[in-house]
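Enquirer: Next up is a structure, given as structure tokens.
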Amino acid sequence: MNNKIIAICLILTMTSLSLTAIAASDSLIETDSTLTLNGINFNIPDGYTVDKAQTKLDYTVDKYNKASTCILKNGDKMINITVGYITNGAQITGYDNIYGTNKTISGVNGSLLTDNTKIENNEVAFLHPLRGKSVYISAPDEDTLSQVIEE
């Protein structure tokens, strides 16, 4: 009888772990030239690859917010793509330009940030809402940033 209970507990635990792994794997889907992070599509510029060691999926930012961050590397150059979402189902609809200058890049309206005190390891960043989520991309330059954005 005890062996049956242990076996059932083990099966339930393994099922739970495998469902968690399946859910986490949906947070990042990549091909050679594109990636999808939390349901938002991006282009991977030539020469860049996903740095899996620095990529974090569905981490808690604070009491109400979660995010996933994917780092792309090309030698010493780096692109940070972060998609955040509110856990209570609320939608992010826009930003005031307190974060930077209102700008349209690759057909997407958002805030361009060039204040290097607020951008880690890069020269420019772009912040915009998309489908109720917050999208943040930082890159070495605006041209690279525009290559990442998929309308």
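Labeling convention for the structure tokens: chains A, B, ... as they appear, residues from 1 per chain, ligands from 1 in order of appearance.
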Name all residues at most 12 Å from A:Thr60 (count only C-alpha atoms; drop same-chain ones fewer than 3 positions away) and give them as a PyMOL selection string.
Expert: chain A and resi 56-57+63-69+84-87
Enquirer: At a cut-off of 9 Å, using only C-alpha atoms, what residues contact stretch 41-49 of chain A? Leave out same-chain residues fewer than 3 positions from it and give the result as a list in words.
Expert: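 So, after excluding close chain neighbours, the residues are Thr31, Asp32, Ser33, Thr34, Leu35, Thr36, Leu37, Asn38, Ile71, Leu72, Lys73, Asn74, Gly75, Lys77, Met78, Ile79, Ile81, Thr144, Gln147, Val148, Ile149, Glu150 and Glu151 of chain A.
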Enquirer: From a DSSP calculation on the backbone, collect every residue of stretch 15-150 of chain A in alpha helix (DSSP H) and output the set as a list in words.
Expert: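 The alpha helix (DSSP H) residues within stretch 15-150 of chain A come out as Thr15, Ser16, Leu17, Ser18, Leu19, Thr20, Ala21, Ile22, Ala23, Ala24, Ser25, Glu142, Asp143, Thr144, Leu145, Ser146, Gln147 and Val148 of chain A.
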Enquirer: Check stretch 113-145 of chain A with DSSP on the backbone and list each residue it calls strand (DSSP E or B), as an NGL selection string.
Expert: :A and (113 or 124-130 or 133-139)
Enquirer: Compare A:Asn109, A:Ala53, A:Glu142, A:Ile40 by their minimum atom-to-atom distance to A:Ala125, counting only C-alpha atoms, and give me the closest one.
Expert: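 Answer, going by the shortest atom-to-atom distance: A:Glu142.
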Enquirer: Return the single residue from A:Thr82, A:Glu30, A:Val108, A:Gly89 that is closest to A:Gln54, with distances computed using only C-alpha atoms.
Expert: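 Looking only at the distances to A:Gln54, the closest residue turns out to be A:Thr82.
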Enquirer: What separation in Å, quoted to one decimal, exists between atom CA of A:Asn122 and atom CA of A:Tyr136?
Expert: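 We find that atom CA of A:Asn122 and atom CA of A:Tyr136 lie 12.5 Å from each other.
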Enquirer: To one decimal in Å, tell me the separation between atom CA of A:Val135 and atom CA of A:Gly110.
Expert: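 Distance between the two atoms: 9.4 Å.
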